[in-house]
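Trainee: Sending over my_file24.tsv (TSV, C-alpha atoms).
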chain	number	residue	atom	x	y	z
L	757	MET	CA	2.05	5.30	-23.41
L	758	ILE	CA	3.63	3.69	-20.33
L	759	ILE	CA	6.67	5.99	-20.48
L	760	LEU	CA	4.40	9.04	-20.66
L	761	VAL	CA	2.39	8.10	-17.57
L	762	HIS	CA	5.41	7.09	-15.49
L	763	SER	CA	7.73	9.93	-16.54
L	764	ARG	CA	5.51	12.66	-15.08
L	765	GLN	CA	5.33	11.09	-11.60
L	766	LYS	CA	8.62	12.37	-10.16
L	767	PHE	CA	8.64	16.02	-11.25
L	768	ASP	CA	7.90	18.76	-8.71
L	769	GLY	CA	5.23	21.36	-9.51
L	770	ILE	CA	4.27	19.85	-12.85
L	771	SER	CA	1.39	21.47	-14.76
L	772	SER	CA	-2.09	20.01	-14.31
L	773	TRP	CA	-2.64	19.69	-18.10
L	774	LEU	CA	-0.05	16.91	-18.15
L	775	GLU	CA	-2.53	14.82	-16.17
L	776	ILE	CA	-3.92	13.73	-19.56
L	777	PHE	CA	-0.83	11.52	-19.91
L	778	ALA	CA	-2.12	9.43	-16.99
L	779	VAL	CA	-4.29	7.55	-19.47
L	780	GLY	CA	-1.01	6.16	-20.81
L	781	GLN	CA	-1.19	3.43	-18.16
L	782	MET	CA	-3.82	1.83	-20.38
L	783	GLY	CA	-0.95	0.78	-22.64
L	784	CYS	CA	-0.75	-2.31	-20.43
L	785	GLN	CA	-4.28	-3.29	-21.44
L	786	LEU	CA	-3.41	-2.82	-25.11
L	787	PHE	CA	-0.50	-5.21	-24.61
L	788	PHE	CA	-2.81	-7.74	-22.91
L	789	VAL	CA	-5.13	-7.67	-25.94
L	790	ILE	CA	-2.25	-8.21	-28.37
L	791	SER	CA	-0.84	-10.98	-26.15
L	792	GLY	CA	-4.22	-12.72	-26.13
L	793	MET	CA	-4.31	-12.78	-29.92
L	794	THR	CA	-0.67	-13.77	-30.40
L	795	SER	CA	-0.95	-16.51	-27.75
L	796	MET	CA	-3.77	-18.15	-29.69
L	797	MET	CA	-1.75	-17.74	-32.89
L	798	SER	CA	1.28	-19.35	-31.26
L	799	LEU	CA	-0.73	-22.25	-29.84
L	800	GLU	CA	-2.23	-23.05	-33.22
L	801	ARG	CA	1.21	-22.96	-34.81
L	802	LEU	CA	2.65	-25.21	-32.09
L	803	ALA	CA	-0.33	-27.59	-32.01
L	804	ASP	CA	1.02	-31.10	-31.43
L	805	GLY	CA	-1.25	-33.01	-29.09
L	806	GLU	CA	0.12	-33.40	-25.56
L	807	HIS	CA	3.29	-31.46	-26.31
L	808	THR	CA	1.55	-28.19	-27.23
L	809	CYS	CA	1.43	-26.83	-23.67
L	810	ARG	CA	5.06	-27.69	-22.99
L	811	LYS	CA	6.23	-25.99	-26.19
L	812	PHE	CA	4.13	-22.92	-25.52
L	813	TYR	CA	5.29	-22.54	-21.91
L	814	LYS	CA	8.92	-23.05	-22.87
L	815	LYS	CA	8.70	-20.45	-25.63
L	816	ARG	CA	7.05	-17.88	-23.38
L	817	LEU	CA	9.46	-18.49	-20.49
L	818	MET	CA	12.44	-18.09	-22.79
L	819	ALA	CA	10.97	-14.81	-24.04
L	820	VAL	CA	10.18	-13.41	-20.59
L	821	ILE	CA	12.54	-14.80	-17.93
L	822	PRO	CA	16.05	-13.70	-19.06
L	823	GLY	CA	15.22	-10.01	-19.36
L	824	TRP	CA	13.14	-10.06	-16.18
L	825	TYR	CA	15.93	-11.66	-14.13
L	826	ILE	CA	18.52	-9.20	-15.43
L	827	SER	CA	16.29	-6.21	-14.68
L	828	ILE	CA	15.58	-7.46	-11.12
L	829	PHE	CA	19.33	-7.89	-10.58
L	830	LEU	CA	20.08	-4.37	-11.87
L	831	ILE	CA	17.35	-2.82	-9.71
L	832	TYR	CA	18.60	-4.65	-6.61
L	833	VAL	CA	22.26	-3.66	-7.20
L	834	LEU	CA	21.49	-0.01	-8.01
L	835	ASN	CA	19.25	0.34	-4.98
L	836	THR	CA	21.91	-1.25	-2.77
L	837	ILE	CA	24.42	1.35	-4.00
L	838	SER	CA	21.91	4.19	-3.55
L	839	LEU	CA	21.00	3.10	-0.04
L	840	ALA	CA	24.68	2.87	0.91
L	841	LEU	CA	25.59	6.29	-0.53
L	842	PHE	CA	22.45	8.37	0.01
L	843	GLY	CA	20.32	6.39	2.45
L	844	THR	CA	17.42	6.15	0.03
L	845	ASN	CA	16.33	4.02	-2.91
L	846	ILE	CA	16.40	5.51	-6.39
L	847	GLY	CA	12.68	5.55	-6.90
L	848	PHE	CA	11.62	2.37	-8.67
L	849	ALA	CA	11.79	-0.38	-6.05
L	850	VAL	CA	10.98	-0.46	-2.35
L	851	ASN	CA	10.47	-4.01	-1.09
L	852	ARG	CA	13.79	-5.85	-0.63
L	853	GLU	CA	12.48	-8.72	1.47
L	854	PRO	CA	13.96	-12.05	0.23
L	855	LEU	CA	10.54	-13.73	0.07
L	856	SER	CA	9.12	-10.89	-2.02
L	857	VAL	CA	12.07	-10.96	-4.40
L	858	LEU	CA	11.75	-14.76	-4.70
L	859	CYS	CA	8.03	-14.46	-5.52
L	860	ASN	CA	8.87	-12.00	-8.30
L	861	LEU	CA	11.55	-14.30	-9.67
L	862	LEU	CA	8.96	-17.10	-9.77
L	863	LEU	CA	6.39	-14.78	-11.43
L	864	LEU	CA	3.96	-15.23	-8.53
L	865	GLN	CA	3.46	-11.51	-7.87
L	866	GLY	CA	0.22	-11.55	-9.88
L	867	LEU	CA	-1.31	-13.73	-7.17
L	868	LEU	CA	0.29	-12.35	-3.99
L	869	PRO	CA	-0.47	-8.77	-2.89
L	870	PHE	CA	2.56	-8.42	-0.59
L	871	CYS	CA	5.01	-8.64	-3.51
L	872	ASN	CA	2.84	-7.45	-6.39
L	873	ASN	CA	4.16	-4.06	-7.37
L	874	ASN	CA	6.75	-3.11	-4.79
L	875	VAL	CA	9.89	-5.03	-5.78
L	876	ALA	CA	10.20	-3.73	-9.33
L	877	GLY	CA	8.21	-0.76	-10.58
L	878	GLY	CA	5.49	-1.98	-12.93
L	879	GLY	CA	6.19	-5.58	-11.91
L	880	TRP	CA	2.46	-6.22	-11.50
L	881	PHE	CA	2.12	-6.33	-15.29
L	882	LEU	CA	4.39	-9.33	-15.72
L	883	GLY	CA	2.83	-11.18	-12.80
L	884	THR	CA	-0.63	-10.76	-14.31
L	885	LEU	CA	0.63	-11.66	-17.78
L	886	ALA	CA	2.16	-14.86	-16.35
L	887	VAL	CA	-1.30	-15.93	-15.13
L	888	PHE	CA	-2.73	-15.34	-18.60
L	889	TYR	CA	0.08	-17.31	-20.26
L	890	LEU	CA	-0.52	-20.18	-17.84
L	891	ALA	CA	-4.21	-20.26	-18.77
L	892	ALA	CA	-3.73	-19.66	-22.51
L	893	PRO	CA	-3.59	-23.35	-23.67
L	894	PHE	CA	-6.82	-24.13	-21.84
L	895	CYS	CA	-8.41	-20.97	-23.22
L	896	TYR	CA	-7.37	-21.98	-26.74
L	897	ARG	CA	-8.86	-25.47	-26.45
L	898	PHE	CA	-12.11	-24.11	-25.08
L	899	MET	CA	-12.53	-21.40	-27.72
L	900	ALA	CA	-11.44	-23.59	-30.63
L	901	LYS	CA	-14.31	-25.99	-29.92
L	902	ARG	CA	-17.02	-23.33	-29.70
L	903	ARG	CA	-18.94	-21.47	-32.34
L	904	GLN	CA	-17.68	-18.04	-33.24
L	905	ASN	CA	-20.85	-16.30	-32.07
L	906	PHE	CA	-20.37	-17.77	-28.60
L	907	VAL	CA	-16.62	-17.11	-28.43
L	908	LYS	CA	-16.99	-13.37	-29.00
L	909	TYR	CA	-19.16	-13.07	-25.88
L	910	ILE	CA	-16.68	-14.84	-23.58
L	911	PRO	CA	-14.77	-11.61	-22.74
L	912	TRP	CA	-18.06	-9.95	-21.79
L	913	PHE	CA	-18.90	-12.84	-19.45
L	914	ALA	CA	-15.43	-12.48	-17.90
L	915	GLU	CA	-15.83	-8.72	-17.47
L	916	THR	CA	-19.24	-9.18	-15.84
L	917	ALA	CA	-17.75	-11.73	-13.45
L	918	ALA	CA	-14.87	-9.35	-12.63
L	919	ILE	CA	-17.25	-6.46	-11.87
L	920	VAL	CA	-19.40	-8.68	-9.64
L	921	CYS	CA	-16.35	-10.06	-7.76
L	922	ILE	CA	-14.65	-6.71	-7.24
L	923	THR	CA	-17.77	-4.73	-6.31
L	924	GLY	CA	-18.75	-7.59	-4.00
L	925	LEU	CA	-15.34	-7.31	-2.34
L	926	TYR	CA	-15.85	-3.57	-1.99
L	927	VAL	CA	-19.25	-4.02	-0.34
L	928	LEU	CA	-17.86	-6.60	2.10
L	929	THR	CA	-14.76	-4.59	3.04
L	930	ARG	CA	-15.74	-0.94	2.55
L	931	GLU	CA	-16.04	-0.21	6.28
L	932	LYS	CA	-12.45	-1.31	6.83
L	933	TYR	CA	-10.75	-0.37	3.55
L	934	GLY	CA	-13.22	2.01	1.91
L	935	TYR	CA	-12.38	3.37	-1.53
L	936	ALA	CA	-8.96	1.66	-1.53
L	937	VAL	CA	-10.51	-1.57	-2.86
L	938	LEU	CA	-11.68	0.12	-6.06
L	939	ASN	CA	-8.87	2.63	-6.32
L	940	ASN	CA	-6.16	2.77	-8.96
L	941	ASN	CA	-2.72	1.39	-8.04
L	942	GLY	CA	-4.10	-1.25	-5.70
L	943	PHE	CA	-3.97	-5.03	-5.95
L	944	VAL	CA	-7.58	-5.23	-7.12
L	945	TYR	CA	-6.68	-3.14	-10.16
L	946	PHE	CA	-3.44	-5.05	-10.74
L	947	SER	CA	-5.11	-8.45	-10.30
L	948	PHE	CA	-5.64	-10.71	-13.29
L	949	VAL	CA	-9.35	-10.80	-12.35
L	950	ASN	CA	-9.65	-7.13	-13.28
L	951	GLN	CA	-7.55	-7.52	-16.43
L	952	MET	CA	-8.67	-10.89	-17.84
L	953	GLY	CA	-11.33	-9.33	-20.06
L	954	CYS	CA	-8.59	-7.64	-22.12
L	955	PHE	CA	-6.63	-10.85	-22.69
L	956	LEU	CA	-9.82	-12.72	-23.63
L	957	LEU	CA	-10.79	-9.94	-26.07
L	958	GLY	CA	-7.54	-10.57	-27.91
L	959	ALA	CA	-7.98	-14.33	-27.74
L	960	SER	CA	-11.54	-14.19	-29.10
L	961	LEU	CA	-10.42	-11.79	-31.83
L	962	TYR	CA	-8.15	-14.51	-33.20
L	963	PHE	CA	-11.15	-16.75	-33.87
L	964	GLU	CA	-13.21	-14.08	-35.62
L	965	LYS	CA	-13.63	-14.09	-39.39
L	966	GLU	CA	-11.98	-11.37	-41.43
L	967	PRO	CA	-14.40	-8.41	-41.69
L	968	GLU	CA	-15.65	-7.31	-45.09
L	969	SER	CA	-15.64	-3.68	-43.94
L	970	ILE	CA	-14.06	-1.78	-41.05
L	971	THR	CA	-16.38	1.24	-41.06
L	972	ALA	CA	-18.04	0.08	-37.84
L	973	ASP	CA	-14.67	-0.60	-36.19
L	974	LYS	CA	-13.46	2.91	-37.06
L	975	ILE	CA	-16.56	4.46	-35.47
L	976	LEU	CA	-16.35	2.19	-32.42
L	977	SER	CA	-12.66	3.03	-31.96
L	978	VAL	CA	-13.50	6.73	-31.67
L	979	LEU	CA	-16.41	6.04	-29.30
L	980	ASP	CA	-14.23	3.72	-27.17
L	981	ALA	CA	-11.52	6.39	-26.91
L	982	LEU	CA	-14.03	9.05	-25.80
L	983	LEU	CA	-15.68	6.71	-23.30
L	984	LEU	CA	-12.28	5.71	-21.93
L	985	LEU	CA	-11.34	9.32	-21.24
L	986	ILE	CA	-14.70	10.02	-19.60
L	987	VAL	CA	-14.53	6.97	-17.33
L	988	PHE	CA	-10.81	7.20	-16.62
L	989	PHE	CA	-10.96	10.76	-15.35
L	990	SER	CA	-14.28	10.44	-13.54
L	991	GLU	CA	-14.78	10.09	-9.79
L	992	TRP	CA	-16.94	7.04	-10.36
L	993	LYS	CA	-15.71	4.30	-8.03
L	994	LEU	CA	-15.91	1.62	-10.72
L	995	ALA	CA	-13.61	3.54	-13.09
L	996	PHE	CA	-10.70	1.20	-12.52
L	997	VAL	CA	-12.83	-1.89	-13.01
L	998	THR	CA	-14.35	-0.79	-16.30
L	999	ALA	CA	-11.54	1.35	-17.80
L	1000	PRO	CA	-9.26	-1.62	-18.61
L	1001	PHE	CA	-12.02	-3.38	-20.52
L	1002	ILE	CA	-12.89	-0.23	-22.48
L	1003	MET	CA	-9.22	0.06	-23.44
L	1004	GLY	CA	-9.35	-3.60	-24.46
L	1005	LEU	CA	-12.30	-2.89	-26.75
L	1006	LEU	CA	-10.42	0.03	-28.28
L	1007	GLY	CA	-7.40	-2.22	-28.87
L	1008	CYS	CA	-9.60	-4.88	-30.48
L	1009	HIS	CA	-11.20	-2.46	-32.93
L	1010	LEU	CA	-7.80	-1.02	-33.86
L	1011	LEU	CA	-6.38	-4.51	-34.42
L	1012	LYS	CA	-9.33	-5.37	-36.67
L	1013	CYS	CA	-8.56	-2.29	-38.74
L	1014	LEU	CA	-4.88	-3.29	-38.98
L	1015	ARG	CA	-5.76	-6.85	-40.01
L	1016	PHE	CA	-8.12	-5.55	-42.67
L	1017	MET	CA	-5.44	-3.22	-44.01
L	1018	GLU	CA	-2.94	-6.09	-44.00
L	1019	LYS	CA	-5.28	-8.30	-46.03
L	1020	ARG	CA	-6.08	-5.51	-48.47
L	1021	ASN	CA	-2.40	-4.73	-49.01
L	1022	GLU	CA	-1.62	-8.40	-49.61
L	1023	ASP	CA	-4.44	-8.66	-52.17
L	1024	SER	CA	-3.36	-5.47	-53.94
L	1025	PHE	CA	0.43	-5.62	-53.75
L	1026	GLY	CA	1.22	-9.24	-52.91
L	1027	LYS	CA	2.88	-8.36	-49.60
L	1028	SER	CA	2.42	-6.27	-46.48
L	1029	ARG	CA	4.66	-5.31	-43.55
L	1030	ILE	CA	2.02	-4.14	-41.07
L	1031	MET	CA	1.94	-7.23	-38.81
L	1032	LYS	CA	5.70	-7.71	-39.20
L	1033	ILE	CA	6.27	-4.19	-37.88
L	1034	LEU	CA	3.84	-4.88	-35.01
L	1035	LYS	CA	5.80	-7.99	-34.03
L	1036	ALA	CA	9.04	-6.02	-34.05
L	1037	TYR	CA	7.51	-3.36	-31.80
L	1038	GLY	CA	6.18	-6.11	-29.54
L	1039	ARG	CA	9.64	-7.57	-29.02
L	1040	SER	CA	11.16	-4.13	-28.36
L	1041	SER	CA	8.37	-2.91	-26.09
L	1042	TYR	CA	8.90	-5.72	-23.56
L	1043	TYR	CA	12.52	-4.72	-22.99
L	1044	ILE	CA	11.59	-1.03	-22.93
L	1045	TYR	CA	9.02	-1.88	-20.24
L	1046	LEU	CA	11.74	-3.57	-18.18
L	1047	MET	CA	14.30	-0.78	-18.56
L	1048	HIS	CA	12.29	2.44	-18.67
L	1049	GLY	CA	12.04	2.60	-14.88
L	1050	LEU	CA	15.75	3.35	-14.69
L	1051	PHE	CA	15.07	6.66	-16.44
L	1052	VAL	CA	11.45	7.69	-15.85
L	1053	TRP	CA	11.75	7.59	-12.04
L	1054	SER	CA	15.42	7.94	-11.13
L	1055	MET	CA	16.47	10.47	-13.77
L	1056	PRO	CA	13.99	13.24	-12.75
L	1057	ILE	CA	14.88	12.73	-9.08
L	1058	ALA	CA	18.61	12.92	-9.78
L	1059	VAL	CA	18.38	16.01	-12.02
L	1060	GLN	CA	16.10	17.90	-9.62
L	1061	ASN	CA	18.31	17.07	-6.62
L	1062	LEU	CA	21.35	18.28	-8.53
L	1063	LEU	CA	19.62	21.55	-9.44
L	1064	HIS	CA	18.45	22.08	-5.85
L	1065	MET	CA	21.99	21.47	-4.54
L	1066	ARG	CA	23.22	24.29	-6.79
L	1067	GLY	CA	20.38	26.53	-5.66
L	1068	TRP	CA	18.69	26.66	-9.07
L	1069	GLN	CA	14.92	26.81	-9.35
L	1070	VAL	CA	13.54	25.37	-12.60
L	1071	ASN	CA	9.88	25.12	-13.60
L	1072	GLY	CA	8.78	21.47	-13.27
L	1073	THR	CA	6.82	21.46	-16.53
L	1074	LEU	CA	9.73	22.97	-18.46
L	1075	LEU	CA	12.12	20.42	-16.97
L	1076	TYR	CA	9.71	17.62	-17.90
L	1077	LEU	CA	9.51	18.79	-21.51
L	1078	CYS	CA	13.31	19.00	-21.68
L	1079	LEU	CA	13.86	15.51	-20.25
L	1080	ILE	CA	11.06	13.52	-21.90
L	1081	VAL	CA	12.92	13.04	-25.20
L	1082	PRO	CA	16.16	11.88	-23.51
L	1083	ILE	CA	14.07	9.54	-21.36
L	1084	PHE	CA	12.58	7.93	-24.47
L	1085	ILE	CA	15.96	7.66	-26.20
L	1086	LEU	CA	17.76	6.21	-23.18
L	1087	SER	CA	14.93	3.73	-22.53
L	1088	TYR	CA	15.08	2.57	-26.15
L	1089	TYR	CA	18.84	2.01	-26.30
L	1090	ALA	CA	18.92	0.45	-22.83
L	1091	ALA	CA	16.22	-1.93	-24.11
L	1092	ILE	CA	18.40	-2.89	-27.09
L	1093	LEU	CA	21.28	-3.66	-24.72
L	1094	LEU	CA	18.99	-5.69	-22.44
L	1095	GLY	CA	17.72	-7.61	-25.46
L	1096	LYS	CA	21.27	-8.61	-26.37
L	1097	MET	CA	22.06	-9.60	-22.78
L	1098	SER	CA	18.83	-11.63	-22.67
L	1099	ALA	CA	19.77	-13.45	-25.87
L	1100	VAL	CA	23.07	-14.54	-24.28
L	1101	MET	CA	21.27	-15.64	-21.10
L	1102	ARG	CA	18.69	-17.51	-23.18
L	1103	LYS	CA	21.44	-19.56	-24.83
L	1104	LEU	CA	22.80	-20.45	-21.38
L	1105	PHE	CA	19.33	-21.58	-20.27
L	1106	VAL	CA	18.96	-23.75	-23.36
L	1107	ARG	CA	22.31	-25.41	-22.72
L	1108	ILE	CA	21.40	-26.06	-19.09
Represent the structure of the file as structure tokens.

Mentor:
Amino acid sequence: MIILVHSRQKFDGISSWLEIFAVGQMGCQLFFVISGMTSMMSLERLADGEHTCRKFYKKRLMAVIPGWYISIFLIYVLNTISLALFGTNIGFAVNREPLSVLCNLLLLQGLLPFCNNNVAGGGWFLGTLAVFYLAAPFCYRFMAKRRQNFVKYIPWFAETAAIVCITGLYVLTREKYGYAVLNNNGFVYFSFVNQMGCFLLGASLYFEKEPESITADKILSVLDALLLLIVFFSEWKLAFVTAPFIMGLLGCHLLKCLRFMEKRNEDSFGKSRIMKILKAYGRSSYYIYLMHGLFVWSMPIAVQNLLHMRGWQVNGTLLYLCLIVPIFILSYYAAILLGKMSAVMRKLFVRI
């Protein structure tokens, strides 16, 4: 989903029907939901009194930091080369200020607008996720002590609070900033305040009982998908406050269906691979997220510049359809390489 939305951004004269791929950015919200559930799962597995937080933070840092540091280094080096040779960056990083880079290395970009999404393309996602990981142990303790009926409403309270905060900010600043406060691709959208409902949906899902039927979840998944498309492509100013939460609801209903299928397969056949496959995709998708920018932004720019230099005119939509498969393949294999490099770096961290 993320590759589809990003890959269409750098092609000239691309067809308007490809705008439907813009909804792919909601893949981030799906990941937040899954992270909310797996964080609660991890905390329960690691539960050991005062040491639970330390174990959880160490595990998450070891999973996130090595790949993130390597990708930041690659982006910085490649942009340095591009600036020296062509006088321009290669399309997926702009801000090279030392303080901004340092804030990204410390995972503070989810809290600081000046370095949020302009050092590494898509870097806002990891900054916001870092805030959620920091709060996860406290979230787990709070939810574990409450009744299930109360826990399932917590995400709705959070979403209500987010809408009030963000619309309040819009009302207070609209004369100066106008629509920018509620617009897509701004700090308000990237902020953990706007995204926390999704993480909490996943967290609350972990504490729900296994459903006896998923008929309702199937129906709600379809309704969520339709509502998401309507809201996402509307001119309504609150679209980018409510769209993430709707995607979160869709993710929750889909996960309930998967869990039900997993349980049914285990009862019928004694084993199931559904959640195992999901975990494998989860590990791969993080590295794909880190590496895809090398191809979805720089590759279209490079190919189009090369064609223009030779005087060739190629339809943007046709070029997109020709390059999208190579972009996926290169992102995937680059992610495998980054995963191996991260494993080596992780061993060095452990020794240190």

Trainee: Check the smallest atom-to-atom distance from each of L:Leu885, L:Ile1085, L:Met793, L:Val937 to Arg816 of chain L using all atoms listed in the file, then report the winner.

Mentor: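 Once distances to Arg816 of chain L are computed over all atoms listed in the file, the minimum belongs to L:Leu885.
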
Trainee: Please compute the atom CA of His1064 of chain L-atom CA of Leu841 of chain L distance, one decimal, in Å.

Mentor: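 Calculated distance between atom CA of His1064 of chain L and atom CA of Leu841 of chain L is 18.1 Å.
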
Trainee: List the spatial neighbours of Cys871 of chain L as a count of residues only - criterion: any atom at most 8 Å away, all atoms listed in the file, same-chain residues fewer than 2 positions off excluded.

Mentor: 11

Trainee: Fewer than 4 positions away in the same chain doesn't count, so skip those; otherwise give me all residues within 10 Å of Leu890 of chain L, counting only C-alpha atoms, as a PyMOL selection string.

Mentor: chain L and resi 809+812-813+816+885-886+894-895

Trainee: Show me, as a PyMOL selection string, the residues that have an atom within 12 Å of Trp912 of chain L when counting only C-alpha atoms, minus same-chain residues fewer than 5 positions from it.

Mentor: chain L and resi 906-907+917-919+952-957+960+998+1001-1002+1004-1005

Trainee: Using all atoms listed in the file, which of the listed residues (L:Arg1039, L:Arg902, L:His762, L:Lys1032) sits closest to Pro1056 of chain L?

Mentor: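 Of all the options, L:His762 lies closest to Pro1056 of chain L.
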
Trainee: Of the candidates L:Asn1071, L:Leu961, L:Arg764, L:Trp880, which one gets nearest to Ile790 of chain L if we count all atoms listed in the file?

Mentor: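 The answer is L:Leu961, which sits nearest to Ile790 of chain L.
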
Trainee: Quick one: distance from atom CA of Leu1010 of chain L to atom CA of Asp973 of chain L in Å, one decimal?

Mentor: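 Going from atom CA of Leu1010 of chain L over to atom CA of Asp973 of chain L covers 7.3 Å.
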
Trainee: Taking only C-alpha atoms into account, which of L:Ala1036, L:Val997, L:Ile1030, L:Ala876 comes nearest Leu1011 of chain L?

Mentor: L:Ile1030

Trainee: Could you state the separation of atom CA of Gly823 of chain L and atom CA of Phe787 of chain L in Å, given to one decimal place?

Mentor: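 According to the coordinates, atom CA of Gly823 of chain L and atom CA of Phe787 of chain L are separated by 17.3 Å.
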
Trainee: Pick from L:Asn941, L:Gln765, L:Gln904, L:Gln1069: nearest to Asn872 of chain L, with all atoms listed in the file counted?

Mentor: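 Checking each of L:Asn941, L:Gln765, L:Gln904, L:Gln1069 against Asn872 of chain L, counting all atoms listed in the file, the winner is L:Asn941.
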
Trainee: Return the padded bounding box of segment 921-936 of chain L as JSON: axis-aligned, built from all atoms listed in the file, 4 Å added on each side, with centre and edge lengths in Å to one decimal.

Mentor:
{"center_x": -14.1, "center_y": -3.3, "center_z": -0.5, "size_x": 18.3, "size_y": 21.4, "size_z": 22.6}

Trainee: Compute the distance from (16.2, -4.4, -10.0) to each atom, counting only C-alpha atoms, keep the residues with any atom at most 12 Å away, and return them as number ranges by chain; use the coordinates of the file.

Mentor: L: 823-837, 845-852, 857, 860-861, 874-879, 1046-1050

Trainee: Determine, counting all atoms listed in the file, which protein, DNA and RNA residues have an atom within 12 Å of an atom of segment 1017-1024 of chain L; residues of the same chain fewer than 3 positions away are not included. Present the result as an MDAnalysis selection string.

Mentor: chainID L and resid 966:970 1010:1014 1027:1034

Trainee: Go through L:Leu1077, L:Tyr926, L:Thr971, L:Phe888 and flag the residue nearest Ser791 of chain L, using all atoms listed in the file for the distances.

Mentor: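 Residue with the minimum atom-to-atom distance to Ser791 of chain L: L:Phe888.
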